[in-house]
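What follows is final27.txt (compact mmCIF, C-alpha atoms and all ligand atoms).
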# COMPACT_ATOMS: atom_id res chain seq x y z
CA MET N 1 0.00 0.00 0.00
CA THR N 2 1.35 3.47 -0.84
CA THR N 3 1.76 6.10 1.87
CA THR N 4 -0.12 9.28 1.11
CA ALA N 5 0.06 10.90 4.53
CA GLU N 6 2.74 13.41 5.36
CA ILE N 7 5.08 11.98 8.00
CA LEU N 8 5.25 13.92 11.27
CA ASN N 9 8.94 13.31 11.77
CA GLY N 10 9.61 13.30 15.50
CA LYS N 11 13.29 12.59 15.00
CA ALA N 12 13.84 15.69 12.86
CA THR N 13 11.62 17.91 15.05
CA SER N 14 13.29 16.75 18.26
CA SER N 15 16.68 17.41 16.68
CA LEU N 16 15.68 21.07 16.17
CA ILE N 17 14.58 21.32 19.80
CA LEU N 18 17.82 19.72 21.02
CA ASP N 19 19.77 22.32 18.99
CA GLU N 20 17.82 25.11 20.73
CA ILE N 21 18.54 23.54 24.13
CA LYS N 22 22.24 23.16 23.25
CA ALA N 23 22.46 26.88 22.43
CA GLU N 24 20.85 27.80 25.78
CA VAL N 25 23.15 25.42 27.66
CA ALA N 26 26.18 27.15 26.13
CA VAL N 27 24.92 30.52 27.44
CA ILE N 28 24.19 29.15 30.93
CA LYS N 29 27.63 27.55 31.08
CA GLN N 30 29.29 30.83 30.20
CA GLU N 31 27.17 33.18 32.29
CA GLU N 32 26.38 31.02 35.33
CA GLU N 33 29.23 28.50 35.18
CA LYS N 34 26.60 25.82 35.56
CA VAL N 35 25.94 22.63 33.59
CA PRO N 36 22.37 21.26 33.76
CA HIS N 37 22.46 17.75 35.21
CA LEU N 38 19.91 14.98 34.59
CA ALA N 39 19.96 11.69 36.49
CA ALA N 40 18.07 8.52 35.58
CA VAL N 41 17.37 5.55 37.82
CA LEU N 42 16.87 2.17 36.18
CA VAL N 43 15.72 -0.77 38.29
CA GLY N 44 16.09 -4.28 36.83
CA ASP N 45 17.27 -5.41 33.42
CA ASP N 46 14.31 -4.85 31.09
CA GLY N 47 15.81 -4.52 27.60
CA ALA N 48 13.34 -1.90 26.33
CA SER N 49 13.78 0.29 29.45
CA LEU N 50 17.57 0.12 29.10
CA THR N 51 17.25 1.25 25.45
CA TYR N 52 15.05 4.23 26.46
CA VAL N 53 17.36 5.27 29.30
CA ASN N 54 20.45 5.00 27.09
CA ALA N 55 18.74 7.20 24.46
CA LYS N 56 18.06 9.80 27.19
CA VAL N 57 21.69 9.74 28.36
CA LYS N 58 22.91 10.06 24.74
CA ALA N 59 20.63 13.09 24.20
CA CYS N 60 22.16 14.70 27.33
CA GLU N 61 25.62 14.38 25.75
CA GLN N 62 24.26 15.91 22.53
CA VAL N 63 23.08 19.12 24.26
CA GLY N 64 25.96 19.44 26.74
CA PHE N 65 24.13 18.34 29.91
CA ALA N 66 25.84 16.30 32.59
CA SER N 67 24.09 12.96 33.12
CA THR N 68 24.18 10.23 35.73
CA LEU N 69 22.74 6.76 35.22
CA ILE N 70 22.02 4.80 38.39
CA THR N 71 21.32 1.12 37.75
CA LEU N 72 19.84 -0.95 40.55
CA PRO N 73 19.21 -4.72 40.55
CA GLU N 74 15.73 -6.22 40.02
CA GLU N 75 15.68 -7.30 43.73
CA THR N 76 16.00 -3.69 44.96
CA THR N 77 13.43 -3.15 47.71
CA GLU N 78 10.97 -0.26 47.73
CA GLU N 79 12.77 1.15 50.76
CA GLU N 80 16.14 1.06 48.95
CA LEU N 81 14.67 2.81 45.91
CA LEU N 82 13.02 5.47 48.09
CA ARG N 83 16.43 6.04 49.72
CA ALA N 84 18.03 6.51 46.28
CA VAL N 85 15.29 9.02 45.39
CA ALA N 86 15.84 10.89 48.67
CA ASP N 87 19.58 11.10 47.90
CA LEU N 88 18.82 12.59 44.46
CA ASN N 89 16.33 15.03 46.02
CA GLU N 90 19.08 16.23 48.37
CA ASN N 91 21.91 16.24 45.83
CA GLU N 92 22.53 19.92 45.01
CA ASP N 93 24.28 19.05 41.75
CA ILE N 94 21.25 17.25 40.24
CA ASP N 95 18.69 19.54 38.58
CA GLY N 96 16.22 16.85 37.62
CA PHE N 97 15.82 13.08 37.56
CA ILE N 98 13.57 10.29 36.40
CA VAL N 99 12.84 6.83 37.69
CA GLN N 100 12.29 4.73 34.56
CA VAL N 101 8.98 2.84 34.51
CA PRO N 102 7.76 0.14 34.61
CA LEU N 103 9.21 -0.77 38.00
CA PRO N 104 9.38 -4.36 39.31
CA LYS N 105 5.96 -5.47 40.61
CA HIS N 106 7.02 -5.46 44.30
CA ILE N 107 7.56 -1.67 44.18
CA ASP N 108 4.64 0.78 44.45
CA GLU N 109 5.16 3.11 41.47
CA GLN N 110 2.87 5.85 42.80
CA LYS N 111 4.71 5.92 46.13
CA VAL N 112 7.99 6.43 44.28
CA VAL N 113 6.56 9.19 42.06
CA GLU N 114 5.23 11.01 45.14
CA SER N 115 8.63 10.82 46.82
CA ILE N 116 10.32 12.82 44.03
CA LEU N 117 10.78 16.51 44.77
CA PRO N 118 8.30 18.25 42.39
CA ASP N 119 10.99 20.78 41.35
CA LYS N 120 13.18 17.88 40.13
CA ASP N 121 10.34 15.81 38.65
CA VAL N 122 11.31 16.28 34.98
CA ASP N 123 8.97 13.47 33.84
CA GLY N 124 6.14 15.67 35.15
CA PHE N 125 4.37 12.76 36.91
CA HIS N 126 4.19 14.17 40.46
CA PRO N 127 0.63 15.02 41.66
CA GLU N 128 1.71 18.58 42.42
CA ASN N 129 2.98 19.09 38.85
CA LEU N 130 -0.11 17.45 37.33
CA GLY N 131 -2.32 19.66 39.54
CA ARG N 132 -0.46 22.78 38.44
CA MET N 133 -0.85 21.65 34.82
CA LEU N 134 -4.61 21.36 35.36
CA LEU N 135 -4.71 24.94 36.69
CA ASP N 136 -2.45 26.17 33.86
CA LEU N 137 0.18 27.35 36.36
CA PRO N 138 3.94 27.26 35.58
CA THR N 139 5.11 23.67 36.03
CA LEU N 140 7.09 20.79 34.56
CA LEU N 141 4.65 19.27 32.05
CA PRO N 142 4.48 15.49 31.56
CA ALA N 143 7.10 14.74 28.92
CA THR N 144 5.15 12.68 26.35
CA PRO N 145 2.04 14.94 26.20
CA LYS N 146 4.30 18.02 26.03
CA GLY N 147 6.23 16.35 23.18
CA ILE N 148 3.02 15.59 21.26
CA LEU N 149 1.86 19.22 21.41
CA LEU N 150 5.33 20.45 20.39
CA LEU N 151 5.37 18.02 17.45
CA LEU N 152 2.03 19.35 16.17
CA GLU N 153 3.02 22.98 16.76
CA LYS N 154 6.47 22.78 15.17
CA ASN N 155 5.01 21.04 12.11
CA GLY N 156 2.47 23.79 11.55
CA ILE N 157 -0.61 21.74 12.46
CA ASN N 158 -3.51 24.01 13.32
CA THR N 159 -5.31 22.49 16.29
CA GLU N 160 -7.75 25.33 17.04
CA GLY N 161 -11.39 24.30 16.86
CA LYS N 162 -10.43 20.78 15.73
CA HIS N 163 -12.06 17.68 17.20
CA CYS N 164 -9.28 15.78 18.96
CA VAL N 165 -10.06 12.21 20.01
CA VAL N 166 -7.66 10.59 22.50
CA ILE N 167 -7.71 6.81 23.03
CA GLY N 168 -6.36 5.93 26.49
CA ARG N 169 -6.67 7.71 29.84
CA SER N 170 -3.39 6.86 31.59
CA HIS N 171 -2.09 9.44 34.08
CA THR N 172 1.12 9.81 32.09
CA VAL N 173 -0.20 10.13 28.52
CA GLY N 174 -3.93 10.02 27.70
CA THR N 175 -5.38 12.13 30.51
CA PRO N 176 -2.74 14.92 30.47
CA VAL N 177 -2.66 15.16 26.65
CA SER N 178 -6.46 15.57 26.66
CA VAL N 179 -6.10 18.44 29.16
CA LEU N 180 -3.32 20.14 27.18
CA MET N 181 -5.16 19.83 23.83
CA SER N 182 -8.26 21.48 25.30
CA ARG N 183 -6.38 24.46 26.80
CA ASN N 184 -7.14 28.03 25.80
CA LYS N 185 -3.93 28.43 23.79
CA LYS N 186 -3.30 28.96 20.09
CA SER N 187 -1.35 25.70 19.86
CA ALA N 188 -4.24 23.81 21.54
CA ASN N 189 -7.89 24.99 21.68
CA SER N 190 -9.18 21.64 20.42
CA THR N 191 -12.51 20.09 21.38
CA VAL N 192 -11.49 16.87 23.08
CA THR N 193 -13.13 13.47 23.47
CA LEU N 194 -11.32 11.04 25.78
CA CYS N 195 -11.95 7.32 25.08
CA HIS N 196 -11.08 4.29 27.22
CA SER N 197 -11.88 0.62 27.62
CA ARG N 198 -15.51 1.31 28.64
CA THR N 199 -16.19 3.56 25.64
CA LYS N 200 -19.07 2.26 23.52
CA ASP N 201 -18.79 2.22 19.71
CA LEU N 202 -15.17 3.37 19.79
CA SER N 203 -14.74 3.43 16.02
CA GLN N 204 -17.84 5.63 15.60
CA ILE N 205 -16.08 8.20 17.79
CA THR N 206 -12.59 7.85 16.33
CA LYS N 207 -14.07 8.37 12.83
CA LEU N 208 -15.15 11.86 13.94
CA ALA N 209 -11.58 12.86 14.86
CA ASP N 210 -9.72 15.58 12.99
CA ILE N 211 -6.78 14.72 15.26
CA LEU N 212 -6.55 11.18 16.65
CA ILE N 213 -4.06 10.54 19.48
CA VAL N 214 -3.66 6.84 20.22
CA ALA N 215 -2.20 5.72 23.57
CA ILE N 216 -3.91 2.37 24.12
CA GLY N 217 -0.87 0.12 24.54
CA LYS N 218 -2.10 -2.55 22.07
CA PRO N 219 0.02 -3.22 18.97
CA GLU N 220 -1.62 -2.16 15.68
CA PHE N 221 -5.05 -1.72 17.30
CA VAL N 222 -6.22 1.17 15.13
CA SER N 223 -7.11 0.24 11.55
CA ALA N 224 -7.96 2.42 8.56
CA ASP N 225 -11.72 1.87 8.98
CA MET N 226 -11.50 3.64 12.39
CA VAL N 227 -10.00 6.80 10.89
CA LYS N 228 -11.58 9.69 8.99
CA SER N 229 -10.07 10.49 5.62
CA GLY N 230 -7.57 13.36 6.01
CA ALA N 231 -7.21 12.97 9.81
CA ILE N 232 -3.98 13.72 11.68
CA VAL N 233 -2.89 10.56 13.51
CA VAL N 234 -0.47 10.54 16.44
CA ASP N 235 0.67 7.06 17.48
CA VAL N 236 2.07 7.00 21.03
CA GLY N 237 2.34 3.21 21.31
CA ILE N 238 5.61 1.36 21.16
CA HIS N 239 5.86 -2.43 21.16
CA ARG N 240 8.50 -5.02 20.49
CA VAL N 241 6.74 -7.52 18.24
CA THR N 242 8.52 -10.85 17.75
CA ALA N 243 10.14 -11.12 14.31
CA PRO N 244 12.55 -14.11 14.14
CA GLU N 245 13.65 -13.08 10.62
CA THR N 246 15.27 -9.88 11.98
CA LYS N 247 18.72 -9.60 13.59
CA ARG N 248 17.29 -8.35 16.90
CA GLY N 249 14.42 -10.85 16.85
CA PHE N 250 11.75 -8.14 17.05
CA ARG N 251 10.28 -5.19 15.17
CA LEU N 252 8.98 -1.99 16.74
CA LYS N 253 5.28 -1.39 16.15
CA GLY N 254 2.89 1.29 17.33
CA ASP N 255 -0.76 1.22 18.39
CA VAL N 256 -1.75 2.01 14.78
CA LYS N 257 -1.63 -0.13 11.61
CA PHE N 258 0.79 2.28 9.98
CA ASP N 259 0.57 1.32 6.29
CA GLU N 260 -3.19 1.23 5.93
CA VAL N 261 -3.82 4.28 8.12
CA ALA N 262 -1.10 6.25 6.32
CA SER N 263 -2.97 5.73 3.07
CA LYS N 264 -6.02 7.52 4.55
CA ALA N 265 -4.62 10.13 6.97
CA SER N 266 -3.25 13.55 6.01
CA HIS N 267 -0.43 13.31 8.59
CA ILE N 268 0.87 10.43 10.69
CA THR N 269 3.67 9.78 13.19
CA PRO N 270 5.92 6.78 12.49
CA VAL N 271 7.05 4.22 15.08
CA PRO N 272 9.91 4.46 15.76
CA GLY N 273 10.85 8.09 15.05
CA GLY N 274 7.60 9.82 16.01
CA VAL N 275 6.49 10.48 19.59
CA GLY N 276 9.49 8.68 21.18
CA PRO N 277 12.17 11.26 20.27
CA MET N 278 9.74 14.07 21.18
CA THR N 279 9.39 12.60 24.69
CA ILE N 280 13.17 12.77 25.06
CA ALA N 281 13.31 16.35 23.75
CA SER N 282 10.61 17.35 26.28
CA LEU N 283 12.45 15.61 29.10
CA LEU N 284 15.57 17.64 28.30
CA SER N 285 13.53 20.82 27.91
CA ASN N 286 12.06 20.18 31.40
CA THR N 287 15.56 19.57 32.80
CA LEU N 288 16.78 22.87 31.33
CA GLN N 289 13.76 24.60 32.88
CA ALA N 290 14.42 22.93 36.26
CA ALA N 291 18.09 24.04 36.09
CA LYS N 292 17.09 27.62 35.24
CA ASN N 293 14.54 27.67 38.08
CA ARG N 294 17.32 26.72 40.48
CA ILE N 295 19.53 29.59 39.25
CA GLU N 296 16.78 32.22 39.64
P1 LIG B 1 -1.78 2.28 29.71
O1 LIG B 1 -1.47 2.86 31.04
O2 LIG B 1 -1.73 0.82 29.51
O3 LIG B 1 -3.23 2.81 29.30
C1 LIG B 1 -3.92 2.29 28.21
C2 LIG B 1 -5.24 2.98 28.10
O4 LIG B 1 -5.93 2.43 26.97
C3 LIG B 1 -6.16 2.81 29.32
O5 LIG B 1 -6.74 4.06 29.65
C4 LIG B 1 -7.22 1.82 28.83
O6 LIG B 1 -8.49 2.06 29.35
C5 LIG B 1 -7.25 2.12 27.35
N1 LIG B 1 -7.74 0.94 26.61
C6 LIG B 1 -7.32 -0.34 26.73
N2 LIG B 1 -8.03 -1.13 25.90
C7 LIG B 1 -8.90 -0.34 25.25
C8 LIG B 1 -9.90 -0.56 24.27
N3 LIG B 1 -10.14 -1.79 23.78
N4 LIG B 1 -10.63 0.48 23.83
C9 LIG B 1 -10.40 1.74 24.30
N5 LIG B 1 -9.44 2.03 25.23
C10 LIG B 1 -8.72 0.99 25.70
O7 LIG B 1 -0.87 2.89 28.58
P2 LIG B 1 0.10 4.20 28.53
O8 LIG B 1 1.09 4.13 29.63
O9 LIG B 1 -0.69 5.43 28.30
O10 LIG B 1 0.88 3.83 27.18
C11 LIG B 1 0.22 3.60 25.95
C12 LIG B 1 1.24 3.17 24.92
O11 LIG B 1 2.16 4.26 24.71
C13 LIG B 1 2.12 1.99 25.33
O12 LIG B 1 2.40 1.23 24.16
C14 LIG B 1 3.39 2.63 25.85
O13 LIG B 1 4.52 1.78 25.72
C15 LIG B 1 3.49 3.82 24.94
N6 LIG B 1 4.25 4.96 25.46
C16 LIG B 1 5.13 5.53 24.61
C17 LIG B 1 5.81 6.65 25.01
C18 LIG B 1 6.76 7.28 24.05
O14 LIG B 1 7.54 8.13 24.45
N7 LIG B 1 6.70 6.93 22.76
C19 LIG B 1 5.63 7.18 26.30
C20 LIG B 1 4.70 6.58 27.14
C21 LIG B 1 4.00 5.47 26.71
P3 LIG B 1 -8.87 1.87 30.93
O15 LIG B 1 -8.35 3.11 31.61
O16 LIG B 1 -10.34 1.78 30.93
O17 LIG B 1 -8.17 0.62 31.37

Would you put the structure from the file into structure tokens?
Amino acid sequence: MTTTAEILNGKATSSLILDEIKAEVAVIKQEEEKVPHLAAVLVGDDGASLTYVNAKVKACEQVGFASTLITLPEETTEEELLRAVADLNENEDIDGFIVQVPLPKHIDEQKVVESILPDKDVDGFHPENLGRMLLDLPTLLPATPKGILLLLEKNGINTEGKHCVVIGRSHTVGTPVSVLMSRNKKSANSTVTLCHSRTKDLSQITKLADILIVAIGKPEFVSADMVKSGAIVVDVGIHRVTAPETKRGFRLKGDVKFDEVASKASHITPVPGGVGPMTIASLLSNTLQAAKNRIE
């Protein structure tokens, strides 16, 4: 099937954002003699999580940030992880940090998120930061939703007055992106419908979307018959699907059947190379903001 949709290239867009960050870092280094510093905590040996964390560390090098990767074994107790978080909270040299999810099942993820100092919570998951987002107060926005809005904005997509349908209501992606898309801002101002597993006649709703944001966590769930002709489709999903014929033994797939939806949509994000790199760019943008807040 031939692709007709324009590709929303997250890799290229994130690269522009990283260049902007790099330029700001150079100024901060010269004027404040400070280097923004991001730390990441990885618990266990999940291959996908290690890939994501390594990509974040590599992006830090690209923009001139200092970075610290703390790897802890799978058997790390909740108490030990909370201690590591407390150390990072207290460490004056660290401007922001993330604890890579998912965490091993014996650790309460929400408890860990709530233990992170909101000023250093560059993933934007802390209840205080999400509350401030809801009230449109200055805050560190959740990285993936922020990245999605930046991707649309930087690619000249007009969102004002458009019907945006979001599939998925997670606290990290679906719910915050629905809030941000409905905000009274030029780069938002959409009319938003939020769908989830209890939504009736899902495809009847998705077919009404001018902008369809898919964060359902099910490989290739969205097919062409669920999408309106000319819609803008943002695929947040990322899955390793077994492919013995490949060197790595898997292929990366999104939540959307890319080929058939691309033949119907006006714009579409690829997987990989769409939302993923934008999440990293937003994470670094949040870290720069956190570093600047600490200077002021
Ligand atoms: P999640 O926490 O698993 O949430 C999935 C959501 O989809 C839930 O709200 C669920 O509804 C809804 N859902 C499940 N089945 C459904 C159905 N049949 N019809 C309608 N809605 C349904 O997922 P997430 O953390 O938001 O992540 C979604 C995907 O994005 C995953 O593949 C994840 O790996 C990926 N992701 C990518 C990035 C990136 O940077 N590229 C960042 C974060 C996440 P209920 O609430 O009713 O259960």

Which residues form the shell of 9 Å around ligand LIG 1 (chain B) when you count all atoms listed in the file, given as an MDAnalysis selection string? chainID N and resid 52 143:145 147 167:175 195:200 202 214:219 221 235:239 253:255 271:280

Atom-to-atom span, atom CA of Ile107 of chain N and atom CA of Lys56 of chain N, Å: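 Computed distance, atom CA of Ile107 of chain N to atom CA of Lys56 of chain N, equals 23.0 Å.
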
Neighbours of point (16.6, 12.5, 39.0) within 6 Å, using all atoms listed in the file, written as an mmCIF file with C-alpha atoms, in the coordinates of the input:
data_model
loop_
_atom_site.group_PDB
_atom_site.id
_atom_site.type_symbol
_atom_site.label_atom_id
_atom_site.label_comp_id
_atom_site.auth_asym_id
_atom_site.auth_seq_id
_atom_site.Cartn_x
_atom_site.Cartn_y
_atom_site.Cartn_z
ATOM 1 C CA ALA N 39 19.960 11.690 36.490
ATOM 2 C CA ALA N 40 18.070 8.520 35.580
ATOM 3 C CA LEU N 88 18.820 12.590 44.460
ATOM 4 C CA GLY N 96 16.220 16.850 37.620
ATOM 5 C CA PHE N 97 15.820 13.080 37.560
ATOM 6 C CA ILE N 98 13.570 10.290 36.400
#

Minimum-distance residue to Leu151 of chain N, chosen among N:Ala262, N:Leu117, N:Ile70, N:Ile17 (using all atoms listed in the file):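 Comparing N:Ala262, N:Leu117, N:Ile70, N:Ile17 against Leu151 of chain N, the winner is N:Ile17.
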
Kindly give the distance, in Å, that separates atom CA of Glu78 of chain N and atom CA of Asp108 of chain N, rounded to a single decimal.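 The value is 7.2 Å.
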
Sel. within 6 Å of pt (17.2, 16.8, 25.2), counting all atoms listed in the file, output as an MDAnalysis selection string: chainID N and resid 18 59:60 280:281 284

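Interatomic distance, atom CA of Leu135 of chain N against atom CA of Asp123 of chain N: 18.1 Å.
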
Residues within 9 Å of Val53 of chain N, please, as an MDAnalysis selection string. Count only C-alpha atoms; anything in the same chain fewer than 3 positions from it doesn't count. chainID N and resid 40:42 48:50 56:58 69 100

Which residue out of N:Asp136, N:Glu6, N:Asp210, N:Asp201 has the minimum interatomic distance to Lys162 of chain N when only C-alpha atoms are used?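 Among the listed residues, the smallest separation from Lys162 of chain N belongs to N:Asp210.
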
I want to know what sits within 9 Å of segment 27-35 of chain N, based on all atoms listed in the file, with residues of the same chain fewer than 5 positions away left out; could you give that as a ChimeraX atom specification? /N:22,64-66,291-292,295

Emit as AutoDock Vina command-line options the padded axis-aligned box for all listed atoms of segment 262-272 of chain N, 4 Å per side, with centre and edge lengths in Å to one decimal.
--center_x 1.9 --center_y 8.9 --center_z 9.4 --size_x 23.9 --size_y 17.3 --size_z 20.7

With distances taken over all atoms listed in the file, the candidate from N:Leu283, N:Ala5, N:Ile148, N:Val227 nearest Ser187 of chain N is N:Ile148

Missing atoms in segment 23-34 of chain N need filling: write out N, CA, C and O atoms for it as a short mmCIF file (atom, residue, chain, number, x, y, z; two decimals), keeping the file's coordinate frame.
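This went into selection-v1.cif:
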data_model
loop_
_atom_site.label_atom_id
_atom_site.label_comp_id
_atom_site.auth_asym_id
_atom_site.auth_seq_id
_atom_site.Cartn_x
_atom_site.Cartn_y
_atom_site.Cartn_z
N ALA N 23 22.07 25.46 22.49
CA ALA N 23 22.46 26.88 22.43
C ALA N 23 22.24 27.54 23.80
O ALA N 23 23.09 28.31 24.26
N GLU N 24 21.13 27.22 24.45
CA GLU N 24 20.85 27.80 25.78
C GLU N 24 21.83 27.29 26.83
O GLU N 24 22.26 28.03 27.72
N VAL N 25 22.20 26.01 26.71
CA VAL N 25 23.15 25.42 27.66
C VAL N 25 24.49 26.15 27.56
O VAL N 25 25.12 26.46 28.58
N ALA N 26 24.90 26.46 26.33
CA ALA N 26 26.18 27.15 26.13
C ALA N 26 26.17 28.50 26.86
O ALA N 26 27.15 28.89 27.50
N VAL N 27 25.04 29.21 26.78
CA VAL N 27 24.92 30.52 27.44
C VAL N 27 24.98 30.35 28.97
O VAL N 27 25.70 31.07 29.66
N ILE N 28 24.22 29.38 29.48
CA ILE N 28 24.19 29.15 30.93
C ILE N 28 25.59 28.79 31.46
O ILE N 28 26.03 29.27 32.51
N LYS N 29 26.27 27.96 30.68
CA LYS N 29 27.63 27.55 31.08
C LYS N 29 28.53 28.77 31.21
O LYS N 29 29.30 28.90 32.16
N GLN N 30 28.41 29.67 30.23
CA GLN N 30 29.29 30.83 30.20
C GLN N 30 28.90 31.83 31.29
O GLN N 30 29.75 32.30 32.04
N GLU N 31 27.60 32.11 31.39
CA GLU N 31 27.17 33.18 32.29
C GLU N 31 27.05 32.74 33.75
O GLU N 31 27.27 33.52 34.66
N GLU N 32 26.66 31.49 33.96
CA GLU N 32 26.38 31.02 35.33
C GLU N 32 27.40 29.99 35.80
O GLU N 32 27.33 29.54 36.95
N GLU N 33 28.28 29.57 34.89
CA GLU N 33 29.23 28.50 35.18
C GLU N 33 28.51 27.27 35.73
O GLU N 33 28.94 26.66 36.72
N LYS N 34 27.39 26.96 35.11
CA LYS N 34 26.60 25.82 35.56
C LYS N 34 26.28 24.91 34.38
O LYS N 34 26.02 25.39 33.28
#
